[in-house]
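What's in input.cif: mmCIF, C-alpha atoms
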data_final
loop_
_atom_site.label_atom_id
_atom_site.label_comp_id
_atom_site.auth_asym_id
_atom_site.auth_seq_id
_atom_site.Cartn_x
_atom_site.Cartn_y
_atom_site.Cartn_z
CA MET A 792 289.16 62.71 54.93
CA SER A 793 285.64 63.37 53.65
CA LEU A 794 283.64 60.97 51.50
CA THR A 795 284.16 61.37 47.76
CA SER A 796 281.33 60.56 45.35
CA LYS A 797 283.26 57.40 44.45
CA ASP A 798 283.27 56.42 48.16
CA LYS A 799 279.53 57.05 48.43
CA ASN A 800 278.77 54.93 45.37
CA THR A 801 281.00 52.14 46.66
CA ILE A 802 279.26 52.23 50.04
CA LYS A 803 275.74 52.27 48.61
CA GLY A 804 276.61 49.40 46.26
CA PHE A 805 278.21 47.30 48.99
CA TRP A 806 275.37 48.09 51.42
CA ALA A 807 272.86 46.58 48.97
CA THR A 808 274.78 43.29 49.35
CA VAL A 809 275.10 43.65 53.12
CA ALA A 810 271.57 44.78 54.02
CA PRO A 811 269.83 41.36 53.88
CA LYS A 812 272.29 40.04 56.51
CA ALA A 813 272.28 43.19 58.62
CA GLU A 814 270.88 41.57 61.75
CA ASP A 815 273.44 38.73 61.75
CA ILE A 816 276.24 41.19 61.08
CA GLY A 817 275.17 43.51 63.89
CA THR A 818 274.83 40.57 66.30
CA ASP A 819 278.25 39.17 65.43
CA ALA A 820 279.99 42.58 65.58
CA LEU A 821 278.47 43.38 68.97
CA SER A 822 279.25 39.87 70.29
CA ARG A 823 282.86 40.22 69.25
CA MET A 824 283.15 43.68 70.76
CA LEU A 825 281.95 42.43 74.15
CA VAL A 826 284.43 39.53 74.10
CA VAL A 827 287.49 41.19 72.55
CA TYR A 828 287.08 44.55 74.35
CA PRO A 829 285.59 43.60 77.73
CA GLN A 830 285.55 47.22 78.91
CA THR A 831 282.60 47.78 76.54
CA LYS A 832 280.48 45.51 78.73
CA THR A 833 280.22 48.37 81.21
CA TYR A 834 277.49 49.90 79.05
CA PHE A 835 275.30 46.82 79.26
CA SER A 836 275.22 45.98 82.97
CA HIS A 837 271.40 46.00 82.71
CA TRP A 838 271.38 42.98 80.36
CA LYS A 839 270.84 39.50 81.78
CA ASP A 840 272.99 37.78 79.19
CA LEU A 841 276.09 39.29 77.55
CA SER A 842 277.26 36.10 75.83
CA PRO A 843 277.77 36.06 72.05
CA GLY A 844 274.52 35.77 70.14
CA SER A 845 272.30 36.11 73.21
CA ALA A 846 268.80 37.58 72.87
CA PRO A 847 269.68 41.10 74.14
CA VAL A 848 272.82 41.12 71.96
CA ARG A 849 270.81 40.11 68.88
CA LYS A 850 268.12 42.70 69.55
CA HIS A 851 270.69 45.43 70.05
CA GLY A 852 272.72 44.35 67.02
CA LYS A 853 269.59 44.85 64.93
CA THR A 854 269.05 48.32 66.45
CA VAL A 855 272.63 49.36 65.76
CA MET A 856 272.49 48.16 62.15
CA SER A 857 269.28 50.03 61.46
CA GLY A 858 271.19 53.11 62.62
CA VAL A 859 273.94 52.31 60.12
CA ALA A 860 271.30 51.82 57.40
CA GLU A 861 269.86 55.22 58.25
CA ALA A 862 273.34 56.71 57.94
CA VAL A 863 273.73 55.15 54.47
CA SER A 864 270.46 56.77 53.37
CA LYS A 865 271.66 60.13 54.71
CA ILE A 866 275.21 59.78 53.45
CA ASP A 867 275.16 63.19 51.78
CA ASP A 868 274.72 65.00 55.11
CA LEU A 869 275.55 62.76 58.04
CA THR A 870 275.90 65.57 60.60
CA ASN A 871 272.37 66.86 60.13
CA GLY A 872 270.89 63.50 59.26
CA LEU A 873 272.05 61.91 62.53
CA LEU A 874 271.34 64.81 64.92
CA THR A 875 268.70 62.90 66.89
CA LEU A 876 270.95 59.86 67.24
CA SER A 877 273.78 62.14 68.30
CA GLU A 878 271.62 63.67 71.01
CA LEU A 879 270.66 60.20 72.21
CA HIS A 880 274.31 59.09 72.48
CA ALA A 881 275.48 62.39 73.97
CA PHE A 882 272.82 63.11 76.57
CA GLN A 883 271.25 59.79 77.44
CA LEU A 884 273.60 56.95 76.60
CA ARG A 885 276.78 58.95 77.17
CA VAL A 886 278.90 56.41 75.34
CA ASP A 887 282.57 57.44 75.31
CA PRO A 888 283.22 58.21 71.62
CA ALA A 889 286.38 56.07 71.71
CA ASN A 890 284.04 53.10 71.60
CA PHE A 891 282.69 54.05 68.16
CA LYS A 892 286.12 53.14 66.76
CA ILE A 893 286.04 49.82 68.56
CA LEU A 894 282.62 48.86 67.20
CA SER A 895 283.62 50.04 63.71
CA HIS A 896 286.67 47.76 63.77
CA ASN A 897 284.52 44.78 64.74
CA LEU A 898 282.01 45.61 61.99
CA LEU A 899 284.85 45.55 59.46
CA VAL A 900 286.08 42.17 60.79
CA VAL A 901 282.58 40.70 60.40
CA LEU A 902 282.21 42.16 56.89
CA ALA A 903 285.55 40.56 55.94
CA ILE A 904 284.35 37.19 57.24
CA GLN A 905 280.89 37.37 55.64
CA PHE A 906 281.94 38.84 52.30
CA PRO A 907 285.54 37.69 51.68
CA ASP A 908 285.31 38.35 47.93
CA ASP A 909 283.30 41.60 48.00
CA PHE A 910 285.21 43.22 50.87
CA THR A 911 288.07 44.28 48.62
CA PRO A 912 290.68 46.85 49.74
CA GLU A 913 288.69 49.55 47.86
CA VAL A 914 285.47 48.65 49.66
CA HIS A 915 287.41 48.40 52.93
CA VAL A 916 288.79 51.94 52.68
CA ALA A 917 285.37 53.37 51.70
CA MET A 918 283.65 51.60 54.61
CA ASP A 919 286.38 52.64 57.07
CA LYS A 920 285.97 56.27 55.98
CA PHE A 921 282.18 55.99 56.18
CA LEU A 922 282.19 54.51 59.68
CA SER A 923 284.63 57.22 60.81
CA ALA A 924 282.35 59.90 59.35
CA LEU A 925 279.37 58.22 61.03
CA ALA A 926 281.20 58.23 64.38
CA LEU A 927 282.04 61.90 63.94
CA ALA A 928 278.39 62.76 63.24
CA LEU A 929 277.34 60.76 66.32
CA SER A 930 279.81 62.77 68.41
CA GLU A 931 278.42 66.10 67.16
CA LYS A 932 276.28 66.94 70.20
CA TYR A 933 278.69 65.74 72.90
CA ARG A 934 280.16 69.14 73.74
CA MET B 377 305.42 39.71 81.88
CA VAL B 378 302.45 38.74 79.72
CA GLU B 379 300.31 35.85 80.94
CA TRP B 380 299.00 33.53 78.23
CA THR B 381 296.21 31.04 78.80
CA ASP B 382 296.52 27.56 77.29
CA PHE B 383 293.77 28.50 74.85
CA GLU B 384 295.66 31.62 73.72
CA ARG B 385 298.95 29.77 73.23
CA ALA B 386 297.29 26.96 71.30
CA THR B 387 295.23 29.36 69.18
CA ILE B 388 298.22 31.49 68.18
CA GLN B 389 300.41 28.50 67.33
CA ASP B 390 297.54 26.96 65.37
CA ILE B 391 296.85 30.08 63.29
CA PHE B 392 300.50 30.49 62.34
CA SER B 393 301.18 26.80 61.69
CA LYS B 394 298.52 26.97 58.97
CA MET B 395 299.47 30.45 57.77
CA ASP B 396 299.97 31.08 54.06
CA TYR B 397 302.68 33.69 54.61
CA GLU B 398 302.91 34.80 50.97
CA SER B 399 299.20 35.36 50.53
CA VAL B 400 298.41 36.82 53.95
CA GLY B 401 301.57 38.94 54.17
CA HIS B 402 301.01 40.38 50.70
CA ASN B 403 297.34 41.09 51.28
CA ALA B 404 297.80 42.62 54.71
CA LEU B 405 300.54 45.05 53.65
CA ALA B 406 298.79 45.96 50.39
CA ARG B 407 295.52 46.53 52.22
CA CYS B 408 297.31 48.77 54.73
CA LEU B 409 298.76 50.89 51.89
CA VAL B 410 295.29 51.21 50.30
CA VAL B 411 293.19 51.79 53.41
CA TYR B 412 295.72 54.08 55.15
CA PRO B 413 297.48 55.74 52.21
CA TRP B 414 299.76 57.84 54.41
CA THR B 415 301.61 54.62 55.24
CA GLN B 416 302.99 54.77 51.70
CA ARG B 417 305.47 57.36 52.99
CA TYR B 418 307.80 54.51 53.98
CA PHE B 419 307.84 52.91 50.56
CA GLY B 420 309.06 55.62 48.21
CA LYS B 421 311.38 53.10 46.53
CA PHE B 422 308.63 50.61 45.75
CA GLY B 423 307.64 52.13 42.41
CA ASN B 424 304.01 52.29 41.33
CA LEU B 425 301.62 52.74 44.28
CA TYR B 426 299.22 55.05 42.44
CA ASN B 427 296.01 53.12 42.97
CA ALA B 428 294.66 50.01 44.63
CA ALA B 429 295.24 47.80 41.57
CA ALA B 430 298.87 48.97 41.28
CA ILE B 431 299.48 48.36 44.98
CA MET B 432 297.88 44.91 44.96
CA GLY B 433 299.90 43.94 41.88
CA ASN B 434 303.23 45.39 43.02
CA PRO B 435 305.77 42.57 43.51
CA LEU B 436 307.90 44.61 45.96
CA VAL B 437 304.84 45.06 48.18
CA ALA B 438 304.12 41.34 47.99
CA ALA B 439 307.68 40.38 48.91
CA HIS B 440 307.88 42.88 51.74
CA GLY B 441 304.53 41.76 53.13
CA THR B 442 305.88 38.24 53.44
CA THR B 443 309.04 39.51 55.17
CA VAL B 444 307.04 41.54 57.68
CA LEU B 445 304.70 38.65 58.47
CA HIS B 446 307.65 36.36 59.11
CA GLY B 447 308.78 39.01 61.59
CA LEU B 448 306.05 37.63 63.84
CA ASP B 449 307.83 34.25 64.00
CA LYS B 450 310.16 35.72 66.62
CA ALA B 451 307.20 36.23 68.94
CA LEU B 452 305.86 32.72 68.26
CA LYS B 453 309.15 31.23 69.40
CA ASN B 454 309.52 33.52 72.42
CA MET B 455 305.99 33.89 73.75
CA ASP B 456 307.24 34.33 77.31
CA ASN B 457 309.65 37.12 76.51
CA ILE B 458 308.43 38.96 73.48
CA LYS B 459 309.71 42.28 74.82
CA ALA B 460 313.34 41.12 74.81
CA ALA B 461 312.98 39.26 71.54
CA TYR B 462 312.04 42.47 69.69
CA ALA B 463 314.58 44.85 71.21
CA GLU B 464 316.74 44.89 68.09
CA LEU B 465 313.83 45.23 65.66
CA SER B 466 312.44 48.03 67.81
CA VAL B 467 315.71 49.96 67.55
CA LEU B 468 315.73 49.35 63.79
CA HIS B 469 312.19 50.70 63.31
CA SER B 470 312.93 53.73 65.47
CA GLU B 471 316.50 54.72 64.61
CA LYS B 472 316.87 53.55 61.04
CA LEU B 473 313.42 53.25 59.50
CA HIS B 474 311.83 56.11 61.50
CA VAL B 475 308.40 54.47 61.46
CA ASP B 476 305.66 56.17 63.50
CA PRO B 477 304.58 53.38 65.90
CA ASP B 478 300.91 54.12 65.22
CA ASN B 479 301.50 52.41 61.89
CA PHE B 480 302.09 49.09 63.69
CA ARG B 481 298.49 49.27 64.91
CA LEU B 482 297.20 50.10 61.42
CA LEU B 483 299.03 47.14 59.88
CA GLY B 484 297.87 44.95 62.77
CA ASP B 485 294.23 45.86 62.06
CA CYS B 486 294.63 45.02 58.38
CA LEU B 487 296.31 41.72 59.29
CA THR B 488 293.40 40.87 61.60
CA ILE B 489 290.93 41.53 58.79
CA VAL B 490 292.87 39.44 56.24
CA VAL B 491 293.20 36.52 58.68
CA ALA B 492 289.49 36.84 59.55
CA ALA B 493 288.55 36.59 55.88
CA LYS B 494 290.79 33.52 55.48
CA LEU B 495 289.53 31.65 58.55
CA GLY B 496 285.87 32.62 58.09
CA SER B 497 283.63 31.23 60.81
CA GLY B 498 286.72 29.67 62.43
CA PHE B 499 287.75 33.18 63.47
CA THR B 500 285.45 33.19 66.48
CA ALA B 501 285.30 36.01 69.03
CA ASP B 502 287.65 34.07 71.36
CA VAL B 503 290.13 33.42 68.54
CA GLN B 504 289.95 37.10 67.56
CA ALA B 505 290.64 38.11 71.16
CA ALA B 506 293.72 35.85 71.34
CA PHE B 507 295.02 37.04 67.98
CA GLN B 508 294.55 40.74 68.79
CA LYS B 509 296.19 40.27 72.20
CA PHE B 510 299.19 38.63 70.50
CA LEU B 511 299.50 41.52 68.02
CA ALA B 512 299.14 44.08 70.82
CA VAL B 513 302.01 42.48 72.75
CA VAL B 514 304.26 42.44 69.67
CA ILE B 515 303.37 46.05 68.88
CA SER B 516 304.14 47.09 72.45
CA ALA B 517 307.54 45.36 72.21
CA LEU B 518 308.29 47.01 68.86
CA THR B 519 307.48 50.40 70.38
CA LYS B 520 309.58 49.81 73.50
CA GLN B 521 312.94 51.17 72.28
CA TYR B 522 311.54 54.42 70.86
CA HIS B 523 312.76 57.48 72.69
#

Target encoding structure tokens, full file:
Amino acid sequence: MSLTSKDKNTIKGFWATVAPKAEDIGTDALSRMLVVYPQTKTYFSHWKDLSPGSAPVRKHGKTVMSGVAEAVSKIDDLTNGLLTLSELHAFQLRVDPANFKILSHNLLVVLAIQFPDDFTPEVHVAMDKFLSALALALSEKYR
Amino acid sequence: MVEWTDFERATIQDIFSKMDYESVGHNALARCLVVYPWTQRYFGKFGNLYNAAAIMGNPLVAAHGTTVLHGLDKALKNMDNIKAAYAELSVLHSEKLHVDPDNFRLLGDCLTIVVAAKLGSGFTADVQAAFQKFLAVVISALTKQYH
């Protein structure tokens, strides 16, 4: 299920619309993840405040989205482009890769809410494929 | 037995009392067929599913989407025994329709996204949690009779 050139164009086009609101989107997606999938809170026991929209959530949402932006810019070779991030997640953060799917789902929910007209089924399938490919690249160094 | 908080019960009833079954059902099923094209395997008799536009415009898809969404009414009316309420439908999906239960989750995700787009900011994290829990319980009940 690799990205076709049509997928890549769709993603780059949609990302241009999304990018200005990246921080809000990242914050909302992360907030939802922590509420809807409480097991994900186990990775953030060092934060003082895990409530939706809190300062650490906002800061981290911004970090995550800049990672997604980087992936968009390296869409032609995600595996090599995201090697450093993969090493970070594999060796330091040790996030169970199952959680990538969970965050991806919440990103899609937020995109649907923020862009009800632009998030068409075609954009949805391209973004779902992209986030899956991103997750796969992030998992590269795990074992 | 599933425990529902007052908030969850109220939220679920509220979402469905305001539900536009035709629009949401149609969009959720069509989106599922576009985003997860292998789900089209169950709809060989639906005619033209060649591309997203054909799927979105297909009247059989629209009608079936509405039917499937109304299938959730059973759970709404039997919140305290969803497992029993879906025994027959579970047998149907397993023995007659031969649907891989993973597809229930795929359709559920598309339904969540369509409802989110409709409700906008009203689809808060807590509302999302209640809605996804409801779908998970229905899906579990639908999967129960598979063997």

I want to know what sits within 12 Å of Leu465 in chain B, based on all atoms listed in the file, with residues of the same chain fewer than 3 positions away left out; could you give that as a list in words?
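With the cut-off at 12 Å, the set is Val444, Gly447, Leu448, Lys450, Ala451, Ile458, Lys459, Ala460, Ala461, Tyr462, Leu468, His469, Ser470, Glu471, Lys472, Leu473, His474, Val475, Val514, Ile515, Ser516, Ala517, Leu518, Thr519, Lys520, Gln521 and Tyr522 of chain B.
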
Go through the shown structure with the PyMOL selection byres ((chain B) within 6 of (chain A)) and write out the matching residues as a ChimeraX atom specification.
/B:407,411,489,492-493,496,501,505

Do you know which residues the PyMOL selection byres ((chain B and resi 422) around 9) returns on this file, as a CSV table (one decimal) with C-alpha atoms, in the coordinates of the input?
chain,number,residue,atom,x,y,z
B,419,PHE,CA,307.8,52.9,50.6
B,420,GLY,CA,309.1,55.6,48.2
B,421,LYS,CA,311.4,53.1,46.5
B,423,GLY,CA,307.6,52.1,42.4
B,424,ASN,CA,304.0,52.3,41.3
B,425,LEU,CA,301.6,52.7,44.3
B,434,ASN,CA,303.2,45.4,43.0
B,435,PRO,CA,305.8,42.6,43.5
B,436,LEU,CA,307.9,44.6,46.0
B,437,VAL,CA,304.8,45.1,48.2

Tell me, in Å to one decimal, how far CA of Lys509 in chain B is from CA of Glu384 in chain B.
8.8 Å

Got a sec to resolve the PyMOL selection byres ((chain A and resi 818) around 9) on this structure and send the residues as a VMD selection string?
chain A and resid 813 to 817 819 to 823 843 to 845 848 to 853 856

Keeping only C-alpha atoms, write those residues as an mmCIF file, keeping the file's coordinate frame.
data_model
loop_
_atom_site.group_PDB
_atom_site.id
_atom_site.type_symbol
_atom_site.label_atom_id
_atom_site.label_comp_id
_atom_site.auth_asym_id
_atom_site.auth_seq_id
_atom_site.Cartn_x
_atom_site.Cartn_y
_atom_site.Cartn_z
ATOM 1 C CA ALA A 813 272.280 43.190 58.620
ATOM 2 C CA GLU A 814 270.880 41.570 61.750
ATOM 3 C CA ASP A 815 273.440 38.730 61.750
ATOM 4 C CA ILE A 816 276.240 41.190 61.080
ATOM 5 C CA GLY A 817 275.170 43.510 63.890
ATOM 6 C CA ASP A 819 278.250 39.170 65.430
ATOM 7 C CA ALA A 820 279.990 42.580 65.580
ATOM 8 C CA LEU A 821 278.470 43.380 68.970
ATOM 9 C CA SER A 822 279.250 39.870 70.290
ATOM 10 C CA ARG A 823 282.860 40.220 69.250
ATOM 11 C CA PRO A 843 277.770 36.060 72.050
ATOM 12 C CA GLY A 844 274.520 35.770 70.140
ATOM 13 C CA SER A 845 272.300 36.110 73.210
ATOM 14 C CA VAL A 848 272.820 41.120 71.960
ATOM 15 C CA ARG A 849 270.810 40.110 68.880
ATOM 16 C CA LYS A 850 268.120 42.700 69.550
ATOM 17 C CA HIS A 851 270.690 45.430 70.050
ATOM 18 C CA GLY A 852 272.720 44.350 67.020
ATOM 19 C CA LYS A 853 269.590 44.850 64.930
ATOM 20 C CA MET A 856 272.490 48.160 62.150
#

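Taking CA of Asp840 in chain A and CA of Tyr933 in chain A as endpoints, the distance between them is 29.2 Å.
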
For Glu931 in chain A, find every residue with an atom within 9 Å (counting only C-alpha atoms), except residues of its own chain fewer than 6 positions away, and show them as a CSV table (one decimal) with C-alpha atoms, in the frame of the given file.
chain,number,residue,atom,x,y,z
A,870,THR,CA,275.9,65.6,60.6
A,873,LEU,CA,272.0,61.9,62.5
A,874,LEU,CA,271.3,64.8,64.9
A,877,SER,CA,273.8,62.1,68.3
A,878,GLU,CA,271.6,63.7,71.0
A,881,ALA,CA,275.5,62.4,74.0

Can you tell me how far CA of Met792 in chain A sits from CA of Ala924 in chain A, in Å to one decimal?
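We find that CA of Met792 in chain A and CA of Ala924 in chain A lie 8.6 Å from each other.
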
Which neighbours of Phe392 in chain B fall inside 12 Å, counting all atoms listed in the file, when residues of the same chain fewer than 6 positions from it are skipped, and could you give them as a VMD selection string?
chain B and resid 385 to 386 400 to 401 445 to 453 491 495 507 510

Residues near Leu927 in chain A, anyone? I mean within 9 Å using only C-alpha atoms, not counting same-chain ones fewer than 2 positions away, as JSON, numbers by chain.
{"A": [869, 870, 888, 891, 922, 923, 924, 925, 929, 930, 931]}

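Residue nearest Ser895 in chain A within the list A:Trp806, A:Phe882, A:Phe835, A:Phe921: A:Phe921 [criterion: smallest interatomic distance, all atoms listed in the file].
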
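Proximity to Gly441 in chain B was assessed for B:Gln389, B:Gln504, B:Ser497, B:Asn403 counting only C-alpha atoms; the smallest distance is recorded for B:Asn403.
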
Given only C-alpha atoms as the counted atoms, nearest of B:Cys486, B:Ala430, B:Ala438, B:Val467 to Tyr412 in chain B:
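Checking each candidate against Tyr412 in chain B, we get B:Cys486 as the closest.
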
Range 501-510 of chain B, all listed atoms, 4 Å padding on each side: what axis-aligned box centre and edge lengths in Å to one decimal come out, as lines of an AutoDock Vina configuration file?
center_x = 292.2
center_y = 37.1
center_z = 69.9
size_x = 21.9
size_y = 15.3
size_z = 12.6
